[in-house]
Structure formats: structure tokens, C-alpha cells
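Structure record follows, encoded as C-alpha cells.
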Amino acid sequence: MAQIYERVALIGLGLIAGSMAYAMRRDGLAGEVVGYAKSAETRTIARELGMCDRVAESAAEAAKDADLVVLCVPVGAMEAVAKEIGPVLKPGATVSDVGSVKRTVVEAVGPYIPDNVHFIPAHPLAGTEHSGPRSGFAELFEGRYTIIVPVDGSDPDAVQRLTMLWQGMGALVEEMDPEHHDLVLAVTSHTPHLIAYTMVGVADDLRRVTDSEVIKYSAAGFRDFTRIAASDPVMWRDVFLNNKEATLEILGRFTEELFALQRAIRQGDGDHLHDYFTRTRAIRRGIIEAGQDTDAPDFGRVKARKG
């Protein structure tokens, strides 16, 4: 695919930024990829890995003369980064992000973006439980959705250009407004993560179940909670603090459904349980049919071969 941006700056060098860097460089989507991370250790690792063409010593240095700047830092850190880079942004450049929350990002970053710079938030719905500069890989976005969230006055050509970049990295791209994005993600990601963290916390509190039993018998379903709950704690702290209303709304609905299931179990209402599980099973089938997971046994995981 042809080059889309001459210079791309990635602020924050974890899983998403690393995967973007590898994908863009693999496919020639950017002439130069410049990176920056707050941690000197992360910058050193990024250099050792050859993640970027160049690793800068400040966010402003990375953003200077870039055609696209992508904020790949936790949501709570985006305002400070936007304030730093705002004065050096190149006229006609685009600033985007990869945050899991959009309304508060628009409110935090928008005021620092000059009028002659395009601000187009985005969110790749891709990731693993791993984080840090060593976790990225070029194939992360292939077949996964990226949501583009244009703000009032977003230039259609700039939106199209950013869309082409994500498509070039293998993503399926759709557009949403910030509020709807945050509600959708509260259902599909944020509340499930909160429930996973809670379930792992419950297991930790149940001293009658030993640590060895939790580890040995986790294939019964608990394992998948622990995989989700292993995600970056700083990122998820910021997600819940910045998507408060939508998460609390969905959490309230979850609590109501949980109480209804408790009542059905207490009353021995097998019909209610069967109907409920049949309906939820159909949602799982829909996810598989949409190509967003596999129906292979063991959740599609490939076990390491012995020998």
C-alpha cells in the first residue's frame, strides 16, 4: 500500500503504539515513524527493538513537523501531552489518539489543538492482556475494528486519510459520535473488565478456596477472568474514571439481571435460566459469525507443544 503520511509521531510506546509502528513500517504507510515515551527505560527498549525510525526525548520533539500525531498514553495523561505539543504542531497536521474513552478525551485534548490542525479521535478495538514496549506486533489490528470519532468541524479529507491508515494496518473502520462510542464500549469492554476484576478479587477473598486450587482448576472459566484482569491497571483506572456515567448505567443493568438470575436459582426456575442462557448463547454465535473470535475448542488458543 502507498505511503499515507510522511512523518507519524507516536506519543507513548506500549502495545498499541508498538503495533502501529511495526504495521506502518512493514507496509510503508509512513515515511518516518518517530516515538516518545515518558519512561527513559521504555525509550531505551524501543530503540533496542528498532520499534521506530527515531525515538525523541520529549513529546514536543516527537510531534514537531509530524503529519500525524497519535496519543497512545492513558486517558488521564492526554491533556498534559496535548498542552505540551499544541504549540509545535505543524499546520495541516492531524492529531488522533487510541483511548478507550472518547467524550472526555475530546474535552481534555480539544482545547489545546490549534485551529489549523485536525483533531480526529479514534479507538482501535484490539489488544491483549500484555502491555509495555515489548508487547507490540504488526498483526494486532488485522480483522479488528477501529472506531473513528470525528468532532465538530472535522475535515472529511483528513478523516478519510486517517481511515486509510487504519485500513492499511488491517483494521475494519467505522465512525461513531463520542457519546455513543462510550456507551457501546461500556457494554462490550468496560463493564466486562470491571466484572472480571471483581471476580478475581472475590476468589482472592475466599480463603476456603486455596491459591493452588484456583490456579489448578482455572480452566473451568476463571482463567478467562484472570486474562482480562491482567490488563494494565493505570489504563483501566483512567477508563472507569473517565467513562463514569455509561459504565454505572450498564453496571446498574448488570446488577438487575444478576438479581433476576439469583431469584431464578433460588426458586428453581429452570425455564427462566434456560431461556436466558439460550439468548446469551446466540450473542456468542453472532460474534463468531462476525469474525471477531473463533469457535475452535479452548477459545482458539494453541497450546505449546512439548518436546
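If you're wondering about the labels, chains in the C-alpha cells are A, B, ... by order shown, residues count from 1 in each chain, ligands from 1 in order shown.
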
Sorted by chain and rising residue number, list the residues of stretch 68-153 of chain A at most 8 Å from stretch 212-236 of chain A (counting only C-alpha atoms), each with its closest atom pair and distance in Å to one decimal, as a tab-separated table.
```
residue	atom	partner	partner_atom	distance
A:Pro74	CA	A:Met235	CA	5.1
A:Val75	CA	A:Met235	CA	7.1
A:Thr128	CA	A:Ser231	CA	7.7
A:Glu129	CA	A:Ser231	CA	4.7
A:His130	CA	A:Ser231	CA	6.5
A:Ser131	CA	A:Asp232	CA	6.5
```

Self-check item: Test item: residues at most 12 Å from stretch 46-55 of chain A, only C-alpha atoms, excluding those fewer than 4 positions along its chain, as a VMD selection string
Solution: chain A and resid 7 to 26 30 to 42 59 to 63 132 to 138

Quiz prompt | strand (DSSP E or B) per DSSP on the backbone: members of stretch 37-86 of chain A, as a list in words | solution =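 Output for stretch 37-86 of chain A, strand (DSSP E or B) only: Arg54, Val55, Leu68, Val69, Val70 and Leu71 of chain A.
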
Exercise. Apply DSSP to the backbone of this structure and, from stretch 207-255 of chain A, keep only the residues in helix (DSSP H, G or I); write these as an MDAnalysis selection string.
Key: chainID A and resid 211:216 218:220 222:229 233:242 244:255

Write out as a tab-separated table (two decimals) with all heavy atoms, in the first residue's frame each polymer residue whose atoms come within 10 Å of stretch 110-121 of chain A, counting only C-alpha atoms; drop sequence neighbours fewer than 2 positions from it.
```tsv
chain	number	residue	atom	x	y	z
A	67	ASP	N	3.15	14.84	10.46
A	67	ASP	CA	1.89	14.98	9.73
A	67	ASP	C	0.74	14.35	10.49
A	67	ASP	O	-0.42	14.73	10.31
A	67	ASP	CB	2.02	14.33	8.35
A	67	ASP	CG	3.13	14.96	7.53
A	67	ASP	OD1	2.97	16.13	7.13
A	67	ASP	OD2	4.17	14.31	7.34
A	68	LEU	N	1.07	13.36	11.31
A	68	LEU	CA	0.09	12.71	12.17
A	68	LEU	C	0.73	12.47	13.53
A	68	LEU	O	1.83	11.93	13.62
A	68	LEU	CB	-0.37	11.37	11.58
A	68	LEU	CG	-1.24	10.49	12.50
A	68	LEU	CD1	-2.61	11.14	12.73
A	68	LEU	CD2	-1.41	9.08	11.92
A	69	VAL	N	0.04	12.91	14.59
A	69	VAL	CA	0.47	12.65	15.97
A	69	VAL	C	-0.61	11.80	16.63
A	69	VAL	O	-1.79	12.18	16.63
A	69	VAL	CB	0.68	13.95	16.76
A	69	VAL	CG1	1.14	13.65	18.18
A	69	VAL	CG2	1.66	14.87	16.05
A	70	VAL	N	-0.22	10.65	17.17
A	70	VAL	CA	-1.18	9.76	17.82
A	70	VAL	C	-0.84	9.66	19.30
A	70	VAL	O	0.27	9.26	19.68
A	70	VAL	CB	-1.17	8.35	17.19
A	70	VAL	CG1	-2.29	7.50	17.78
A	70	VAL	CG2	-1.32	8.44	15.67
A	71	LEU	N	-1.80	10.04	20.15
A	71	LEU	CA	-1.61	9.97	21.59
A	71	LEU	C	-1.93	8.56	22.06
A	71	LEU	O	-3.09	8.12	22.02
A	71	LEU	CB	-2.52	10.98	22.29
A	71	LEU	CG	-2.43	12.44	21.79
A	71	LEU	CD1	-3.33	13.34	22.61
A	71	LEU	CD2	-1.00	12.93	21.80
A	79	GLU	N	-4.40	15.17	28.43
A	79	GLU	CA	-4.49	16.63	28.49
A	79	GLU	C	-3.09	17.24	28.62
A	79	GLU	O	-2.77	18.21	27.92
A	79	GLU	CB	-5.37	17.09	29.65
A	79	GLU	CG	-5.51	18.60	29.71
A	79	GLU	CD	-6.49	19.06	30.77
A	79	GLU	OE1	-7.03	18.22	31.52
A	79	GLU	OE2	-6.71	20.29	30.85
A	80	ALA	N	-2.26	16.70	29.50
A	80	ALA	CA	-0.91	17.23	29.70
A	80	ALA	C	-0.09	17.12	28.43
A	80	ALA	O	0.66	18.04	28.07
A	80	ALA	CB	-0.23	16.50	30.85
A	81	VAL	N	-0.22	15.99	27.71
A	81	VAL	CA	0.53	15.81	26.47
A	81	VAL	C	0.04	16.80	25.41
A	81	VAL	O	0.84	17.44	24.71
A	81	VAL	CB	0.40	14.36	25.96
A	81	VAL	CG1	1.03	14.23	24.58
A	81	VAL	CG2	1.04	13.39	26.93
A	82	ALA	N	-1.28	16.95	25.30
A	82	ALA	CA	-1.84	17.88	24.31
A	82	ALA	C	-1.38	19.31	24.59
A	82	ALA	O	-1.04	20.06	23.66
A	82	ALA	CB	-3.37	17.81	24.34
A	83	LYS	N	-1.31	19.68	25.86
A	83	LYS	CA	-0.85	21.02	26.23
A	83	LYS	C	0.60	21.23	25.81
A	83	LYS	O	0.97	22.31	25.35
A	83	LYS	CB	-1.00	21.20	27.74
A	83	LYS	CG	-0.71	22.60	28.24
A	83	LYS	CD	-0.98	22.71	29.73
A	83	LYS	CE	-0.74	24.13	30.23
A	83	LYS	NZ	-1.01	24.23	31.69
A	84	GLU	N	1.42	20.18	25.95
A	84	GLU	CA	2.84	20.29	25.60
A	84	GLU	C	3.05	20.39	24.09
A	84	GLU	O	3.86	21.19	23.62
A	84	GLU	CB	3.62	19.09	26.14
A	84	GLU	CG	5.10	19.12	25.77
A	84	GLU	CD	5.87	17.89	26.21
A	84	GLU	OE1	5.36	17.11	27.04
A	84	GLU	OE2	6.99	17.71	25.70
A	85	ILE	N	2.32	19.58	23.33
A	85	ILE	CA	2.59	19.52	21.89
A	85	ILE	C	1.85	20.59	21.09
A	85	ILE	O	2.24	20.91	19.96
A	85	ILE	CB	2.27	18.13	21.30
A	85	ILE	CG1	0.76	17.86	21.32
A	85	ILE	CG2	3.05	17.04	22.03
A	85	ILE	CD1	0.35	16.57	20.60
A	86	GLY	N	0.79	21.16	21.65
A	86	GLY	CA	-0.03	22.12	20.93
A	86	GLY	C	0.75	23.20	20.21
A	86	GLY	O	0.54	23.45	19.01
A	87	PRO	N	1.69	23.87	20.91
A	87	PRO	CA	2.41	24.99	20.28
A	87	PRO	C	3.34	24.59	19.12
A	87	PRO	O	3.72	25.45	18.32
A	87	PRO	CB	3.23	25.57	21.44
A	87	PRO	CG	2.53	25.12	22.68
A	87	PRO	CD	1.98	23.77	22.35
A	88	VAL	N	3.72	23.33	19.02
A	88	VAL	CA	4.69	22.93	17.99
A	88	VAL	C	4.04	22.19	16.82
A	88	VAL	O	4.73	21.80	15.88
A	88	VAL	CB	5.83	22.05	18.57
A	88	VAL	CG1	6.51	22.76	19.72
A	88	VAL	CG2	5.31	20.68	19.00
A	89	LEU	N	2.73	21.99	16.88
A	89	LEU	CA	2.08	21.20	15.84
A	89	LEU	C	2.15	21.90	14.49
A	89	LEU	O	1.97	23.12	14.37
A	89	LEU	CB	0.61	20.93	16.21
A	89	LEU	CG	0.41	19.97	17.39
A	89	LEU	CD1	-1.06	19.98	17.82
A	89	LEU	CD2	0.85	18.56	17.04
A	90	LYS	N	2.41	21.12	13.47
A	90	LYS	CA	2.54	21.61	12.09
A	90	LYS	C	1.16	21.97	11.52
A	90	LYS	O	0.21	21.19	11.66
A	90	LYS	CB	3.19	20.49	11.28
A	90	LYS	CG	3.31	20.72	9.80
A	90	LYS	CD	3.94	19.47	9.18
A	90	LYS	CE	4.01	19.54	7.67
A	90	LYS	NZ	4.61	18.30	7.12
A	91	PRO	N	1.01	23.12	10.90
A	91	PRO	CA	-0.28	23.46	10.26
A	91	PRO	C	-0.69	22.37	9.26
A	91	PRO	O	0.14	21.90	8.47
A	91	PRO	CB	0.02	24.79	9.54
A	91	PRO	CG	1.15	25.38	10.33
A	91	PRO	CD	1.98	24.22	10.77
A	92	GLY	N	-1.96	21.97	9.33
A	92	GLY	CA	-2.45	20.93	8.44
A	92	GLY	C	-2.25	19.52	8.96
A	92	GLY	O	-2.73	18.55	8.35
A	93	ALA	N	-1.54	19.38	10.10
A	93	ALA	CA	-1.33	18.06	10.68
A	93	ALA	C	-2.62	17.53	11.30
A	93	ALA	O	-3.59	18.27	11.49
A	93	ALA	CB	-0.23	18.12	11.74
A	94	THR	N	-2.61	16.24	11.60
A	94	THR	CA	-3.73	15.60	12.30
A	94	THR	C	-3.26	15.09	13.64
A	94	THR	O	-2.18	14.50	13.74
A	94	THR	CB	-4.30	14.43	11.47
A	94	THR	OG1	-4.88	14.94	10.26
A	94	THR	CG2	-5.36	13.66	12.25
A	95	VAL	N	-4.07	15.31	14.67
A	95	VAL	CA	-3.83	14.73	15.99
A	95	VAL	C	-4.93	13.72	16.25
A	95	VAL	O	-6.13	14.02	16.08
A	95	VAL	CB	-3.82	15.80	17.10
A	95	VAL	CG1	-3.73	15.13	18.49
A	95	VAL	CG2	-2.65	16.74	16.91
A	96	SER	N	-4.55	12.51	16.62
A	96	SER	CA	-5.52	11.46	16.94
A	96	SER	C	-5.10	10.80	18.25
A	96	SER	O	-4.13	11.23	18.90
A	96	SER	CB	-5.60	10.44	15.80
A	96	SER	OG	-6.69	9.55	16.00
A	97	ASP	N	-5.81	9.77	18.64
A	97	ASP	CA	-5.48	9.05	19.87
A	97	ASP	C	-5.97	7.63	19.73
A	97	ASP	O	-6.55	7.24	18.72
A	97	ASP	CB	-6.12	9.73	21.10
A	97	ASP	CG	-7.60	9.41	21.21
A	97	ASP	OD1	-8.35	9.70	20.24
A	97	ASP	OD2	-8.03	8.85	22.24
A	98	VAL	N	-5.73	6.81	20.77
A	98	VAL	CA	-6.19	5.42	20.75
A	98	VAL	C	-6.94	5.08	22.04
A	98	VAL	O	-7.06	3.92	22.42
A	98	VAL	CB	-5.02	4.44	20.54
A	98	VAL	CG1	-4.37	4.66	19.19
A	98	VAL	CG2	-3.98	4.57	21.66
A	99	GLY	N	-7.44	6.12	22.74
A	99	GLY	CA	-8.05	5.91	24.05
A	99	GLY	C	-9.35	5.15	24.01
A	99	GLY	O	-10.11	5.21	23.04
A	101	VAL	N	-11.90	5.71	25.88
A	101	VAL	CA	-13.00	6.63	26.18
A	101	VAL	C	-12.86	7.81	25.23
A	101	VAL	O	-11.76	8.23	24.93
A	101	VAL	CB	-12.93	7.11	27.64
A	101	VAL	CG1	-14.06	8.08	27.95
A	101	VAL	CG2	-12.98	5.93	28.60
A	102	LYS	N	-13.98	8.35	24.77
A	102	LYS	CA	-13.88	9.39	23.76
A	102	LYS	C	-14.40	10.75	24.22
A	102	LYS	O	-13.79	11.78	23.90
A	102	LYS	CB	-14.61	8.95	22.48
A	102	LYS	CG	-13.91	7.79	21.78
A	102	LYS	CD	-12.78	8.23	20.84
A	102	LYS	CE	-11.50	8.62	21.49
A	102	LYS	NZ	-10.56	7.53	21.76
A	103	ARG	N	-15.50	10.83	24.93
A	103	ARG	CA	-16.05	12.15	25.27
A	103	ARG	C	-15.07	12.96	26.11
A	103	ARG	O	-14.81	14.13	25.83
A	103	ARG	CB	-17.38	12.00	26.02
A	103	ARG	CG	-18.05	13.35	26.31
A	103	ARG	CD	-19.40	13.17	26.98
A	103	ARG	NE	-19.30	12.43	28.23
A	103	ARG	CZ	-18.94	12.98	29.39
A	103	ARG	NH1	-18.63	14.26	29.47
A	103	ARG	NH2	-18.89	12.24	30.48
A	104	THR	N	-14.48	12.35	27.14
A	104	THR	CA	-13.55	13.10	27.99
A	104	THR	C	-12.24	13.40	27.26
A	104	THR	O	-11.60	14.40	27.56
A	104	THR	CB	-13.25	12.35	29.29
A	104	THR	OG1	-12.79	11.03	29.00
A	104	THR	CG2	-14.48	12.26	30.18
A	105	VAL	N	-11.85	12.55	26.31
A	105	VAL	CA	-10.66	12.85	25.51
A	105	VAL	C	-10.91	14.07	24.64
A	105	VAL	O	-10.06	14.96	24.53
A	105	VAL	CB	-10.26	11.64	24.64
A	105	VAL	CG1	-9.24	12.04	23.59
A	105	VAL	CG2	-9.71	10.52	25.51
A	106	VAL	N	-12.09	14.15	24.03
A	106	VAL	CA	-12.44	15.31	23.23
A	106	VAL	C	-12.39	16.58	24.08
A	106	VAL	O	-11.84	17.62	23.68
A	106	VAL	CB	-13.84	15.14	22.60
A	106	VAL	CG1	-14.31	16.43	21.94
A	106	VAL	CG2	-13.82	14.01	21.57
A	107	GLU	N	-12.94	16.49	25.30
A	107	GLU	CA	-12.97	17.65	26.19
A	107	GLU	C	-11.58	18.03	26.69
A	107	GLU	O	-11.27	19.21	26.86
A	107	GLU	CB	-13.89	17.37	27.38
A	107	GLU	CG	-15.36	17.23	26.99
A	107	GLU	CD	-16.22	16.73	28.13
A	107	GLU	OE1	-15.65	16.35	29.19
A	107	GLU	OE2	-17.45	16.70	27.98
A	108	ALA	N	-10.73	17.02	26.93
A	108	ALA	CA	-9.40	17.28	27.50
A	108	ALA	C	-8.40	17.75	26.47
A	108	ALA	O	-7.57	18.63	26.74
A	108	ALA	CB	-8.88	16.01	28.19
A	123	HIS	N	-10.26	4.92	18.20
A	123	HIS	CA	-10.09	3.86	19.19
A	123	HIS	C	-10.01	2.50	18.50
A	123	HIS	O	-11.02	1.98	18.02
A	123	HIS	CB	-11.27	3.86	20.17
A	123	HIS	CG	-11.18	2.78	21.20
A	123	HIS	ND1	-12.29	2.29	21.88
A	123	HIS	CD2	-10.12	2.06	21.68
A	123	HIS	CE1	-11.91	1.33	22.71
A	123	HIS	NE2	-10.60	1.18	22.61
A	147	ILE	N	-12.66	2.43	15.68
A	147	ILE	CA	-13.73	3.42	15.63
A	147	ILE	C	-13.11	4.80	15.47
A	147	ILE	O	-12.28	5.21	16.28
A	147	ILE	CB	-14.59	3.39	16.92
A	147	ILE	CG1	-15.06	1.96	17.23
A	147	ILE	CG2	-15.77	4.34	16.78
A	147	ILE	CD1	-15.91	1.32	16.17
A	148	ILE	N	-13.49	5.50	14.41
A	148	ILE	CA	-13.08	6.89	14.20
A	148	ILE	C	-14.19	7.78	14.75
A	148	ILE	O	-15.37	7.55	14.47
A	148	ILE	CB	-12.87	7.20	12.70
A	148	ILE	CG1	-11.83	6.23	12.09
A	148	ILE	CG2	-12.46	8.65	12.50
A	148	ILE	CD1	-10.41	6.53	12.39
A	149	VAL	N	-13.81	8.80	15.53
A	149	VAL	CA	-14.80	9.65	16.20
A	149	VAL	C	-14.56	11.11	15.80
A	149	VAL	O	-13.91	11.87	16.54
A	149	VAL	CB	-14.72	9.48	17.73
A	149	VAL	CG1	-15.82	10.28	18.43
A	149	VAL	CG2	-14.83	8.00	18.11
A	150	PRO	N	-15.04	11.52	14.63
A	150	PRO	CA	-14.85	12.91	14.20
A	150	PRO	C	-15.53	13.87	15.18
A	150	PRO	O	-16.57	13.57	15.76
A	150	PRO	CB	-15.54	12.95	12.83
A	150	PRO	CG	-15.62	11.52	12.38
A	150	PRO	CD	-15.81	10.73	13.64
A	151	VAL	N	-14.92	15.03	15.36
A	151	VAL	CA	-15.51	16.06	16.21
A	151	VAL	C	-16.15	17.11	15.31
A	151	VAL	O	-16.04	17.05	14.08
A	151	VAL	CB	-14.44	16.71	17.12
A	151	VAL	CG1	-13.86	15.68	18.07
A	151	VAL	CG2	-13.32	17.34	16.28
A	152	ASP	N	-16.85	18.06	15.90
A	152	ASP	CA	-17.50	19.11	15.12
A	152	ASP	C	-16.46	19.82	14.26
A	152	ASP	O	-15.43	20.28	14.76
A	152	ASP	CB	-18.16	20.13	16.06
A	152	ASP	CG	-19.39	19.55	16.75
A	152	ASP	OD1	-19.90	18.52	16.26
A	152	ASP	OD2	-19.81	20.10	17.78
A	153	GLY	N	-16.73	19.89	12.98
A	153	GLY	CA	-15.82	20.59	12.07
A	153	GLY	C	-14.67	19.76	11.55
A	153	GLY	O	-13.79	20.29	10.87
A	154	SER	N	-14.65	18.46	11.85
A	154	SER	CA	-13.57	17.61	11.33
A	154	SER	C	-13.56	17.63	9.80
A	154	SER	O	-14.61	17.52	9.16
A	154	SER	CB	-13.74	16.16	11.81
A	154	SER	OG	-13.39	16.02	13.16
A	155	ASP	N	-12.39	17.80	9.22
A	155	ASP	CA	-12.25	17.86	7.77
A	155	ASP	C	-12.43	16.46	7.17
A	155	ASP	O	-11.73	15.52	7.55
A	155	ASP	CB	-10.86	18.39	7.43
A	155	ASP	CG	-10.62	18.44	5.94
A	155	ASP	OD1	-11.27	19.27	5.28
A	155	ASP	OD2	-9.82	17.63	5.44
A	158	ALA	N	-9.26	14.78	5.91
A	158	ALA	CA	-8.37	14.33	6.99
A	158	ALA	C	-8.91	13.06	7.63
A	158	ALA	O	-8.15	12.15	7.98
A	158	ALA	CB	-8.21	15.43	8.03
A	159	VAL	N	-10.24	12.98	7.76
A	159	VAL	CA	-10.87	11.77	8.30
A	159	VAL	C	-10.62	10.58	7.37
A	159	VAL	O	-10.27	9.48	7.81
A	159	VAL	CB	-12.39	11.98	8.53
A	159	VAL	CG1	-13.07	10.66	8.90
A	159	VAL	CG2	-12.63	13.02	9.60
A	162	LEU	N	-6.98	9.36	7.67
A	162	LEU	CA	-6.76	8.56	8.87
A	162	LEU	C	-7.42	7.19	8.73
A	162	LEU	O	-6.86	6.16	9.15
A	162	LEU	CB	-7.32	9.29	10.09
A	162	LEU	CG	-7.07	8.61	11.44
A	162	LEU	CD1	-5.59	8.50	11.76
A	162	LEU	CD2	-7.81	9.37	12.56
A	178	PRO	N	-18.96	10.60	19.98
A	178	PRO	CA	-18.29	10.25	21.24
A	178	PRO	C	-19.19	9.60	22.28
A	178	PRO	O	-18.80	8.61	22.92
A	178	PRO	CB	-17.77	11.60	21.75
A	178	PRO	CG	-17.66	12.46	20.54
A	178	PRO	CD	-18.77	12.01	19.63
```

Quiz item: Smallest atom-to-atom distance to A:Ala246: which of A:Thr188, A:Gln167, A:Thr210, A:Thr146, using only C-alpha atoms?
Solution: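 Smallest distance to A:Ala246 is found for A:Thr188.
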
Self-check item: Surrounding residues of stretch 250-258 of chain A excluding itself and chain neighbours under 5 positions, 9 Å, only C-alpha atoms, as a PyMOL selection string
Solution: chain A and resi 183+186-187+191+194-195+245+263

Could you take the residues named above and write them with C-alpha atoms, as a PDB file, in the first residue's frame?
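The resulting file, part16.pdb, is shown below:
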```pdb
ATOM      1  CA  LEU A 183     -21.976   3.619  25.752  1.00  0.00           C
ATOM      2  CA  ALA A 186     -19.257   0.346  28.440  1.00  0.00           C
ATOM      3  CA  VAL A 187     -21.266  -2.702  27.299  1.00  0.00           C
ATOM      4  CA  THR A 191     -18.141  -3.296  32.428  1.00  0.00           C
ATOM      5  CA  LEU A 194     -14.832  -4.433  35.920  1.00  0.00           C
ATOM      6  CA  ILE A 195     -16.692  -7.717  36.462  1.00  0.00           C
ATOM      7  CA  GLU A 245     -21.883   7.641  33.557  1.00  0.00           C
ATOM      8  CA  ARG A 263     -34.115 -15.267  42.140  1.00  0.00           C
TER       9      ARG A 263
END
```

Practice problem: Take atom CA of A:Glu289 and atom CA of A:Leu165 and report the distance between them in Å, one decimal. | Solution: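 Going from atom CA of A:Glu289 over to atom CA of A:Leu165, I get 25.8 Å.
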